[in-house]
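S.K.: Have a peek at entry_32.cif (mmCIF, C-alpha atoms and all ligand atoms).
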```cif
data_coords
#
loop_
_atom_site.label_atom_id
_atom_site.label_comp_id
_atom_site.auth_asym_id
_atom_site.auth_seq_id
_atom_site.Cartn_x
_atom_site.Cartn_y
_atom_site.Cartn_z
CA MET J 24 -28.56 -50.06 -39.43
CA PRO J 25 -27.31 -49.14 -42.92
CA GLU J 26 -25.40 -51.82 -44.82
CA PRO J 27 -21.71 -51.34 -43.89
CA LEU J 28 -19.44 -49.95 -46.56
CA LEU J 29 -16.52 -51.96 -45.25
CA ASP J 30 -17.05 -55.07 -43.18
CA VAL J 31 -13.98 -56.89 -41.88
CA ARG J 32 -14.45 -60.29 -40.25
CA ASP J 33 -11.85 -62.34 -38.41
CA LEU J 34 -8.88 -60.70 -40.05
CA ARG J 35 -5.64 -62.41 -39.20
CA VAL J 36 -2.20 -61.41 -40.42
CA SER J 37 0.91 -63.39 -39.65
CA PHE J 38 4.49 -62.99 -40.69
CA ARG J 39 6.96 -65.80 -41.08
CA THR J 40 10.13 -64.65 -39.35
CA ARG J 41 13.40 -66.34 -38.42
CA GLN J 42 12.04 -66.66 -34.88
CA GLY J 43 8.89 -68.41 -36.15
CA SER J 44 5.41 -67.21 -37.05
CA VAL J 45 4.33 -63.87 -35.60
CA THR J 46 0.64 -62.97 -35.53
CA ALA J 47 0.43 -59.18 -35.88
CA VAL J 48 -3.36 -59.04 -36.28
CA ASP J 49 -5.69 -61.60 -34.77
CA ARG J 50 -9.49 -62.12 -35.07
CA LEU J 51 -10.03 -58.51 -35.94
CA SER J 52 -13.61 -57.64 -36.89
CA PHE J 53 -14.93 -54.14 -37.49
CA SER J 54 -17.10 -52.29 -39.92
CA VAL J 55 -17.38 -48.81 -41.35
CA ALA J 56 -20.74 -47.34 -42.37
CA PRO J 57 -21.03 -45.08 -45.43
CA GLY J 58 -19.99 -41.54 -44.54
CA GLU J 59 -18.68 -42.51 -41.10
CA ILE J 60 -15.31 -41.62 -39.56
CA LEU J 61 -13.78 -44.55 -37.70
CA GLY J 62 -10.80 -43.69 -35.53
CA VAL J 63 -8.38 -46.57 -34.98
CA VAL J 64 -6.17 -46.00 -31.97
CA GLY J 65 -3.53 -47.94 -30.09
CA GLU J 66 0.13 -47.77 -29.11
CA SER J 67 2.93 -48.48 -31.54
CA GLY J 68 2.90 -52.09 -32.70
CA SER J 69 -0.78 -52.71 -31.90
CA GLY J 70 -1.45 -53.72 -35.50
CA LYS J 71 -3.22 -50.63 -36.78
CA SER J 72 -1.19 -50.17 -39.95
CA VAL J 73 -0.78 -53.85 -40.73
CA SER J 74 -4.53 -54.46 -40.51
CA MET J 75 -5.33 -51.61 -42.91
CA LEU J 76 -2.55 -52.62 -45.31
CA ALA J 77 -4.10 -56.10 -45.27
CA VAL J 78 -7.53 -54.63 -46.06
CA LEU J 79 -5.99 -52.79 -49.01
CA ARG J 80 -4.02 -55.88 -50.07
CA LEU J 81 -0.81 -53.90 -49.86
CA LEU J 82 1.10 -56.48 -47.81
CA THR J 83 3.09 -57.94 -50.67
CA ASN J 84 5.81 -59.50 -48.54
CA PRO J 85 5.98 -63.23 -49.48
CA ASN J 86 6.31 -64.12 -45.79
CA VAL J 87 2.90 -62.74 -44.91
CA THR J 88 -0.34 -64.70 -44.60
CA VAL J 89 -3.69 -62.91 -44.49
CA SER J 90 -6.96 -64.65 -43.75
CA GLY J 91 -10.52 -63.62 -42.96
CA GLU J 92 -13.05 -61.67 -44.94
CA VAL J 93 -12.91 -58.05 -46.09
CA ARG J 94 -16.22 -57.03 -47.66
CA PHE J 95 -16.29 -53.69 -49.39
CA ARG J 96 -19.56 -52.73 -51.06
CA GLY J 97 -20.48 -56.40 -50.92
CA ARG J 98 -17.31 -57.75 -52.61
CA ASP J 99 -14.68 -59.77 -50.75
CA LEU J 100 -11.53 -57.79 -51.40
CA LEU J 101 -9.27 -60.65 -50.32
CA ALA J 102 -10.70 -62.79 -53.14
CA LEU J 103 -10.69 -60.10 -55.85
CA PRO J 104 -8.41 -60.54 -58.92
CA ASP J 105 -5.38 -58.20 -58.74
CA LYS J 106 -6.59 -56.02 -61.59
CA GLU J 107 -9.96 -55.37 -59.95
CA MET J 108 -8.27 -54.73 -56.64
CA ARG J 109 -6.04 -52.11 -58.26
CA ALA J 110 -9.16 -50.44 -59.65
CA VAL J 111 -10.73 -50.40 -56.17
CA ARG J 112 -7.58 -48.79 -54.75
CA GLY J 113 -7.42 -45.30 -56.12
CA ARG J 114 -10.95 -45.25 -57.52
CA GLU J 115 -13.12 -46.30 -54.59
CA ILE J 116 -10.67 -46.42 -51.71
CA ALA J 117 -8.01 -43.73 -51.38
CA MET J 118 -5.04 -43.80 -49.03
CA VAL J 119 -3.03 -41.20 -47.20
CA PHE J 120 0.06 -42.26 -45.25
CA GLN J 121 2.22 -40.57 -42.66
CA ASP J 122 4.95 -39.83 -45.18
CA PRO J 123 3.46 -38.09 -48.23
CA MET J 124 6.49 -39.11 -50.27
CA THR J 125 5.19 -42.69 -50.31
CA ALA J 126 2.46 -41.38 -52.63
CA LEU J 127 4.44 -38.77 -54.55
CA THR J 128 7.23 -39.33 -57.05
CA PRO J 129 10.12 -36.84 -56.73
CA VAL J 130 10.77 -36.63 -60.46
CA TYR J 131 7.39 -35.33 -61.64
CA THR J 132 5.61 -32.11 -60.80
CA VAL J 133 2.84 -32.29 -58.21
CA GLY J 134 0.29 -31.13 -60.78
CA TRP J 135 1.33 -33.79 -63.28
CA GLN J 136 0.92 -36.49 -60.64
CA ILE J 137 -2.54 -35.32 -59.63
CA ALA J 138 -3.57 -35.01 -63.30
CA GLU J 139 -2.34 -38.56 -64.02
CA GLN J 140 -4.34 -39.83 -61.06
CA ILE J 141 -7.43 -38.11 -62.48
CA ARG J 142 -6.80 -39.58 -65.93
CA ALA J 143 -6.33 -43.04 -64.47
CA HIS J 144 -10.01 -43.19 -63.59
CA ASP J 145 -11.61 -40.55 -65.76
CA ARG J 146 -11.42 -40.13 -69.54
CA VAL J 147 -10.57 -36.46 -69.69
CA SER J 148 -8.04 -34.52 -71.74
CA ARG J 149 -4.66 -33.57 -70.25
CA ARG J 150 -5.74 -29.94 -70.26
CA GLU J 151 -8.94 -30.71 -68.35
CA ALA J 152 -7.07 -32.95 -65.87
CA ARG J 153 -4.56 -30.19 -65.24
CA ALA J 154 -7.30 -27.62 -64.71
CA ARG J 155 -8.90 -29.98 -62.19
CA ALA J 156 -5.53 -30.48 -60.49
CA VAL J 157 -5.25 -26.71 -60.02
CA ARG J 158 -8.78 -26.58 -58.55
CA LEU J 159 -8.03 -29.48 -56.21
CA LEU J 160 -4.78 -27.93 -55.01
CA SER J 161 -6.65 -24.72 -54.34
CA ASP J 162 -9.43 -26.68 -52.55
CA VAL J 163 -6.88 -28.18 -50.15
CA GLY J 164 -5.50 -24.75 -49.37
CA ILE J 165 -2.36 -24.51 -51.53
CA PRO J 166 -1.88 -20.79 -52.15
CA ASP J 167 -1.34 -19.68 -55.73
CA ALA J 168 -2.32 -23.14 -56.99
CA ALA J 169 -2.14 -22.12 -60.66
CA SER J 170 1.64 -21.72 -60.43
CA ARG J 171 2.33 -24.22 -57.59
CA VAL J 172 0.87 -26.93 -59.81
CA ASN J 173 4.21 -26.86 -61.68
CA ALA J 174 6.31 -27.37 -58.55
CA TYR J 175 8.13 -30.58 -57.69
CA PRO J 176 7.38 -32.30 -54.36
CA HIS J 177 10.72 -31.16 -52.88
CA GLU J 178 9.63 -27.57 -53.47
CA PHE J 179 6.64 -28.13 -51.14
CA SER J 180 6.76 -28.15 -47.34
CA GLY J 181 5.74 -31.36 -45.50
CA GLY J 182 2.26 -29.96 -44.84
CA MET J 183 1.83 -28.91 -48.46
CA ARG J 184 2.90 -32.35 -49.67
CA GLN J 185 0.32 -33.98 -47.42
CA ARG J 186 -2.29 -31.57 -48.81
CA ALA J 187 -1.25 -32.56 -52.33
CA VAL J 188 -1.74 -36.24 -51.44
CA ILE J 189 -5.18 -35.40 -50.06
CA ALA J 190 -5.91 -33.54 -53.29
CA MET J 191 -5.09 -36.78 -55.14
CA ALA J 192 -7.45 -38.65 -52.81
CA LEU J 193 -10.17 -36.07 -53.44
CA SER J 194 -9.70 -36.38 -57.20
CA CYS J 195 -11.45 -39.74 -57.31
CA ASP J 196 -14.22 -38.90 -54.87
CA PRO J 197 -13.53 -42.08 -52.89
CA ALA J 198 -16.24 -43.90 -50.95
CA LEU J 199 -13.56 -44.62 -48.35
CA LEU J 200 -10.34 -42.90 -47.36
CA ILE J 201 -7.85 -44.79 -45.23
CA ALA J 202 -5.48 -42.35 -43.55
CA ASP J 203 -2.58 -43.78 -41.54
CA GLU J 204 -1.15 -41.21 -39.12
CA PRO J 205 -1.58 -38.44 -41.74
CA THR J 206 -0.68 -35.67 -39.30
CA THR J 207 2.01 -37.25 -37.15
CA ALA J 208 4.94 -35.75 -39.04
CA LEU J 209 3.44 -32.26 -39.15
CA ASP J 210 3.50 -29.38 -36.71
CA VAL J 211 0.41 -28.72 -34.61
CA THR J 212 -1.14 -25.93 -36.67
CA VAL J 213 -0.76 -27.87 -39.90
CA GLN J 214 -2.12 -30.98 -38.13
CA ALA J 215 -5.34 -29.12 -37.37
CA GLN J 216 -5.64 -27.97 -40.98
CA ILE J 217 -5.16 -31.50 -42.31
CA LEU J 218 -7.82 -32.78 -39.89
CA ASP J 219 -10.14 -30.09 -41.21
CA LEU J 220 -9.51 -31.39 -44.71
CA MET J 221 -10.40 -34.91 -43.58
CA ARG J 222 -13.65 -33.54 -42.18
CA GLU J 223 -14.30 -31.74 -45.43
CA LEU J 224 -13.73 -34.89 -47.44
CA ASN J 225 -16.06 -36.67 -45.06
CA GLY J 226 -18.61 -33.88 -45.54
CA ARG J 227 -18.56 -34.67 -49.27
CA GLY J 228 -19.69 -38.19 -48.44
CA SER J 229 -16.47 -40.23 -48.05
CA ALA J 230 -16.16 -42.55 -45.09
CA VAL J 231 -12.79 -42.27 -43.35
CA VAL J 232 -10.67 -44.73 -41.39
CA LEU J 233 -8.19 -42.63 -39.46
CA ILE J 234 -5.30 -44.41 -37.78
CA THR J 235 -3.63 -42.55 -34.97
CA HIS J 236 -2.01 -43.09 -31.61
CA ASP J 237 -3.51 -39.82 -30.42
CA MET J 238 -6.76 -39.96 -28.43
CA GLY J 239 -6.97 -36.16 -28.76
CA VAL J 240 -7.26 -36.45 -32.55
CA ILE J 241 -9.91 -39.16 -32.20
CA SER J 242 -11.94 -37.00 -29.82
CA GLN J 243 -12.04 -34.21 -32.37
CA ILE J 244 -13.00 -36.12 -35.44
CA ALA J 245 -14.22 -39.72 -35.08
CA ASP J 246 -17.81 -40.96 -35.07
CA ARG J 247 -16.71 -44.35 -33.80
CA VAL J 248 -13.55 -45.64 -32.21
CA LEU J 249 -11.69 -48.93 -32.48
CA VAL J 250 -9.07 -49.40 -29.77
CA MET J 251 -6.43 -51.97 -30.68
CA TYR J 252 -3.99 -53.77 -28.43
CA GLY J 253 -1.66 -56.63 -29.33
CA GLY J 254 -3.21 -57.02 -32.80
CA ARG J 255 -6.73 -57.41 -31.44
CA ALA J 256 -9.69 -55.15 -30.77
CA ALA J 257 -9.79 -54.18 -27.10
CA GLU J 258 -12.84 -51.94 -27.37
CA GLU J 259 -15.07 -50.59 -30.09
CA GLY J 260 -17.97 -48.17 -29.98
CA PRO J 261 -19.40 -44.74 -30.69
CA ARG J 262 -17.01 -41.93 -29.76
CA ARG J 263 -19.23 -40.53 -27.03
CA ALA J 264 -19.68 -43.95 -25.43
CA VAL J 265 -15.95 -44.70 -25.53
CA PHE J 266 -14.96 -41.29 -24.17
CA HIS J 267 -17.69 -41.00 -21.55
CA GLY J 268 -17.95 -44.63 -20.50
CA PRO J 269 -14.77 -46.42 -21.56
CA ARG J 270 -14.85 -50.08 -20.56
CA HIS J 271 -11.45 -51.63 -21.21
CA PRO J 272 -8.58 -50.93 -18.77
CA TYR J 273 -6.34 -50.26 -21.78
CA THR J 274 -8.73 -47.55 -23.01
CA TRP J 275 -8.76 -46.09 -19.49
CA GLY J 276 -5.00 -45.87 -19.63
CA LEU J 277 -5.03 -44.19 -23.07
CA LEU J 278 -7.63 -41.66 -21.95
CA ASP J 279 -6.02 -40.91 -18.60
CA SER J 280 -2.68 -40.21 -20.19
CA VAL J 281 -4.10 -37.45 -22.45
CA PRO J 282 -3.24 -34.03 -20.99
CA ARG J 283 -6.34 -31.90 -20.36
CA VAL J 284 -6.50 -28.18 -20.81
CA GLY J 285 -7.95 -26.29 -17.82
CA GLY J 286 -8.09 -27.27 -14.19
CA ALA J 287 -6.54 -25.31 -11.35
CA ARG J 288 -3.10 -26.87 -11.65
CA LEU J 289 -1.32 -29.45 -13.66
CA ARG J 290 -1.55 -32.80 -12.00
CA ARG J 291 0.78 -35.66 -12.71
CA LEU J 292 -0.67 -37.76 -15.53
CA PRO J 293 -0.96 -41.47 -14.98
CA THR J 294 0.84 -43.50 -17.63
CA ILE J 295 0.21 -47.06 -18.70
CA ALA J 296 2.72 -49.15 -16.81
CA GLY J 297 4.93 -51.61 -18.65
CA VAL J 298 5.71 -51.81 -22.34
CA PRO J 299 3.42 -52.70 -25.26
CA VAL J 300 3.23 -56.41 -25.94
CA SER J 301 5.18 -57.70 -28.90
CA PRO J 302 3.20 -59.84 -31.36
CA GLY J 303 5.84 -62.56 -31.12
CA ALA J 304 5.31 -62.85 -27.37
CA LEU J 305 1.56 -62.64 -26.81
CA PRO J 306 0.42 -64.22 -23.54
CA PRO J 307 -2.18 -67.00 -23.95
CA GLY J 308 -5.13 -64.97 -22.63
CA CYS J 309 -5.78 -61.24 -22.65
CA ALA J 310 -2.78 -59.52 -24.24
CA PHE J 311 -3.12 -56.54 -21.90
CA ALA J 312 -3.18 -58.64 -18.70
CA PRO J 313 0.57 -58.29 -17.91
CA ARG J 314 0.12 -54.49 -17.72
CA CYS J 315 -3.34 -54.44 -16.17
CA ARG J 316 -3.67 -53.41 -12.52
CA LEU J 317 -6.96 -55.30 -12.27
CA ARG J 318 -5.73 -58.57 -13.73
CA HIS J 319 -7.22 -61.72 -12.23
CA ASP J 320 -7.18 -65.48 -12.87
CA ARG J 321 -9.76 -65.44 -15.65
CA CYS J 322 -7.47 -63.19 -17.75
CA ALA J 323 -5.42 -66.26 -18.65
CA GLU J 324 -8.30 -67.05 -21.04
CA LEU J 325 -8.82 -64.94 -24.14
CA PRO J 326 -11.87 -62.68 -23.73
CA ALA J 327 -14.11 -62.20 -26.79
CA LEU J 328 -15.16 -58.76 -27.97
CA ALA J 329 -18.68 -58.51 -26.59
CA ALA J 330 -21.34 -56.03 -25.56
CA GLY J 331 -21.21 -56.28 -21.79
CA ASN J 332 -24.45 -54.58 -20.88
CA GLY J 333 -26.71 -55.05 -23.87
CA ASP J 334 -25.56 -52.03 -25.90
CA ALA J 335 -24.67 -53.92 -29.08
CA GLY J 336 -22.85 -50.91 -30.56
CA HIS J 337 -20.28 -50.71 -27.74
CA ARG J 338 -18.15 -53.79 -27.21
CA ASP J 339 -15.03 -54.64 -25.28
CA ALA J 340 -12.81 -57.64 -24.66
CA CYS J 341 -12.37 -57.82 -20.90
CA TRP J 342 -13.42 -60.21 -18.14
CA LEU J 343 -14.16 -57.54 -15.52
CA PRO J 344 -17.85 -57.43 -14.47
CA PRO J 345 -19.54 -54.93 -16.81
CA ASP J 346 -21.52 -53.19 -14.08
CA ASP J 347 -18.51 -52.46 -11.87
CA ARG J 348 -16.35 -50.81 -14.49
CA GLY J 349 -16.92 -47.23 -13.27
CA SER J 350 -15.63 -47.90 -9.76
CA LEU J 351 -12.88 -50.22 -11.01
CA ARG J 352 -11.63 -47.46 -13.27
CA LEU J 353 -11.28 -45.14 -10.29
CA THR J 354 -9.35 -47.83 -8.41
CA ALA J 355 -6.99 -48.37 -11.35
CA ARG J 356 -6.49 -44.62 -11.83
CA ALA J 357 -5.73 -44.03 -8.17
CA ALA J 358 -3.14 -46.82 -8.23
CA ALA J 359 -1.54 -45.41 -11.39
CA THR J 360 -1.37 -41.87 -9.98
CA GLU J 361 0.01 -42.98 -6.62
CA ARG J 362 2.70 -45.15 -8.07
CA PRO J 363 3.20 -44.17 -11.73
CA GLY J 364 5.45 -46.45 -13.72
CA THR J 365 4.59 -49.52 -11.72
CA GLY J 366 2.40 -52.32 -12.89
CA PRO J 367 1.50 -55.77 -11.63
CA ASP J 368 4.55 -57.44 -13.17
CA MET J 369 6.96 -54.80 -11.94
CA GLU J 370 5.51 -54.93 -8.45
CA LYS J 371 5.94 -58.67 -8.46
CA GLU J 372 9.50 -58.38 -9.71
CA ALA J 373 10.26 -55.75 -7.08
CA THR J 374 9.05 -57.98 -4.25
CA ALA J 375 10.60 -61.17 -5.65
N1 LIG T 1 7.33 -57.59 -42.23
C1 LIG T 1 7.10 -57.86 -40.94
N2 LIG T 1 7.64 -58.95 -40.37
C2 LIG T 1 7.42 -59.25 -39.06
N3 LIG T 1 6.64 -58.49 -38.26
C3 LIG T 1 6.08 -57.39 -38.77
C4 LIG T 1 6.27 -57.01 -40.14
N4 LIG T 1 5.57 -55.86 -40.35
C5 LIG T 1 4.99 -55.54 -39.18
N5 LIG T 1 5.28 -56.45 -38.24
C6 LIG T 1 4.84 -56.43 -36.84
O1 LIG T 1 3.46 -56.24 -36.76
C7 LIG T 1 3.15 -55.51 -35.58
C8 LIG T 1 2.09 -54.49 -35.90
O2 LIG T 1 2.68 -53.44 -36.64
P1 LIG T 1 1.88 -52.15 -37.09
O3 LIG T 1 2.80 -51.34 -37.95
O4 LIG T 1 0.58 -52.53 -37.67
O5 LIG T 1 1.62 -51.40 -35.72
P2 LIG T 1 0.97 -49.99 -35.53
O6 LIG T 1 -0.09 -50.16 -34.52
O7 LIG T 1 0.54 -49.41 -36.84
O8 LIG T 1 2.18 -49.18 -34.93
P3 LIG T 1 2.76 -47.75 -35.34
O9 LIG T 1 1.86 -46.77 -34.65
O10 LIG T 1 4.14 -47.76 -34.76
O11 LIG T 1 2.74 -47.64 -36.82
C9 LIG T 1 4.44 -54.88 -35.10
O12 LIG T 1 4.82 -55.47 -33.88
C10 LIG T 1 5.44 -55.21 -36.15
O13 LIG T 1 6.67 -55.55 -35.56
#
```
Here is the file; what I need is its structure written in the form of structure tokens.
M.R.:
Amino acid sequence: MPEPLLDVRDLRVSFRTRQGSVTAVDRLSFSVAPGEILGVVGESGSGKSVSMLAVLRLLTNPNVTVSGEVRFRGRDLLALPDKEMRAVRGREIAMVFQDPMTALTPVYTVGWQIAEQIRAHDRVSRREARARAVRLLSDVGIPDAASRVNAYPHEFSGGMRQRAVIAMALSCDPALLIADEPTTALDVTVQAQILDLMRELNGRGSAVVLITHDMGVISQIADRVLVMYGGRAAEEGPRRAVFHGPRHPYTWGLLDSVPRVGGARLRRLPTIAGVPVSPGALPPGCAFAPRCRLRHDRCAELPALAAGNGDAGHRDACWLPPDDRGSLRLTARAAATERPGTGPDMEKEATA
């Protein structure tokens, strides 16, 4: 196994709120190998963004507490002086967010902003930086880059702005790119083009952490998958293993609710019953238990993320017997298709 590029151990993020302390990320451990694409998936509120913002030390809210260890190229980022951390961000780790305007300033031209980014980590003349900005804009597919370099962000479409942000990320040749829902705000064709750019960046050697709620995106691009629920890892493993032999009932639900192309007719898709858990109201054991059709007594205890059947690279946090998961999945799917929109809690409420 190569030394991981990023190794996160026991990450915990809590917010002090008026209602008390809320743990948004709990005991989260994962790693990213050099050149790998890790897809992080989970419903809204599962802690995907907060965990990556914590890794980047971008949670500046005074009410937030972050603990654990974040090793990047051997250094613990959580213990790094601010100045060194700023150098890591932008030089070694680049970021792309859902809204490109979080990275672009409306009052400067796109080209100027890319050139400044280049000059922040490379001692080159303004002329050289500008020439590189034009090349980068052209690399990310901006037509007529030599003149578009003088445009302001508002003169770009949403897709073009996201390309410009990716051009900025490319400018520093980052070892790691963290992309948080980079395609969510874009239409489908542009989404595919942005994913291609991510692949291209990855082809140049950058590892990528791609946050999404879309299993379809993960299936196209990720080498490994981290499934998050209630601020914790529910399952983690190579893409093929997770897609072909998913182990956690939450992952089953995510996969079963993805529409498939083909098939003789459209069948009704099962959905995950119930609503996502809120971090302020986590049950004591497995956070998914209230929505799980296969919940049993043991689920009142918190399951650890573990390799159930000896494959150390594929782990899940569930008490169900590892060898029975295939048949249990069929049982859960049949129940969800027969009575979509019902879950254990709702059934109980209905009969109460
Ligand atoms: N400043 C804050 N104060 C209190 N709770 C917060 C704060 N910021 C985030 N949270 C909580 O942390 C939880 C995780 O949020 P996060 O944005 O990481 O989820 P996510 O999985 O990225 O969802 P989405 O796909 O909607 O972005 C949420 O329930 C959110 O309410």
S.K.: Env of segment 244-258 of chain J: 6 Å cut, atoms = all atoms listed in the file, seq-sep filter 2 positions within chain, self excluded. Answer as a PyMOL selection string.
M.R.: chain J and resi 47-49+51+60-65+69-70+241-242+260-262+300+310+338-340
S.K.: Give me the residues near Ser72 of chain J as a ChimeraX atom specification, where near means some atom within 12 Å (using all atoms listed in the file) and where sequence neighbours in that chain fewer than 4 positions away do not count.
M.R.: /J:36,47-48,63-68,76-82,118-121,201-205,232-236,251,254
S.K.: Using atom P2 of ligand LIG 1 (chain T) and atom CA of Met75 of chain J as the two end points, give the distance in Å to one decimal.
M.R.: 9.8 Å
S.K.: Would you list the residues near (-7.5, -29.3, -42.7), meaning any protein, DNA or RNA residue with an atom at most 12 Å from that point in file coordinates, counting only C-alpha atoms, as an MDAnalysis selection string?
M.R.: chainID J and resid 162:165 182:183 185:187 189:190 205:206 209 211:225 244
S.K.: Can you tell me how far atom CA of Arg112 of chain J sits from atom CA of Val93 of chain J, in Å to one decimal?
M.R.: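 These two atoms are separated by 13.8 Å.
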S.K.: Kindly give the distance, in Å, that separates atom CA of Tyr273 of chain J and atom C3 of ligand LIG 1 (chain T), rounded to a single decimal.
M.R.: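 Computed distance, atom CA of Tyr273 of chain J to atom C3 of ligand LIG 1 (chain T), equals 22.2 Å.
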S.K.: Quick one: residues within 6 Å of Leu34 of chain J, all atoms listed in the file counted, chain neighbours fewer than 5 positions away excluded, as a PyMOL selection string?
M.R.: chain J and resi 50-51+90-91
S.K.: Name the closest residue to ligand LIG 1 (chain T) among the candidates J:Val133, J:Asp33, J:Glu139, J:Arg41; distances are taken between atoms, counting only C-alpha atoms and all ligand atoms.
M.R.: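 Distance minimum relative to ligand LIG 1 (chain T) lands on J:Arg41.
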S.K.: Using only C-alpha atoms, which residues sit within 9 Å of Pro269 of chain J once same-chain residues fewer than 4 positions away are excluded, as a JSON list (two decimals) with C-alpha atoms, keeping the file's coordinate frame?
M.R.:
```json
[["chain", "number", "residue", "atom", "x", "y", "z"],
["J", 258, "GLU", "CA", -12.84, -51.94, -27.37],
["J", 264, "ALA", "CA", -19.68, -43.95, -25.43],
["J", 265, "VAL", "CA", -15.95, -44.70, -25.53],
["J", 274, "THR", "CA", -8.73, -47.55, -23.01],
["J", 275, "TRP", "CA", -8.76, -46.09, -19.49],
["J", 278, "LEU", "CA", -7.63, -41.66, -21.95],
["J", 348, "ARG", "CA", -16.35, -50.81, -14.49],
["J", 349, "GLY", "CA", -16.92, -47.23, -13.27],
["J", 352, "ARG", "CA", -11.63, -47.46, -13.27]]
```
S.K.: Give me the box for segment 128-146 of chain J as AutoDock Vina command-line options, namely the centre and edge lengths in Å to one decimal of a box along x, y and z that holds every listed atom plus 5 Å on each side.
M.R.:
```
--center_x -0.4 --center_y -37.2 --center_z -63.1 --size_x 32.4 --size_y 22.1 --size_z 22.8
```
S.K.: Can you work out which one of J:Ser148, J:Ser280, J:Thr207, J:Ser194 has the shortest atom-to-atom distance to ligand LIG 1 (chain T), counting only C-alpha atoms and all ligand atoms?
M.R.: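 Distance minimum relative to ligand LIG 1 (chain T) lands on J:Thr207.
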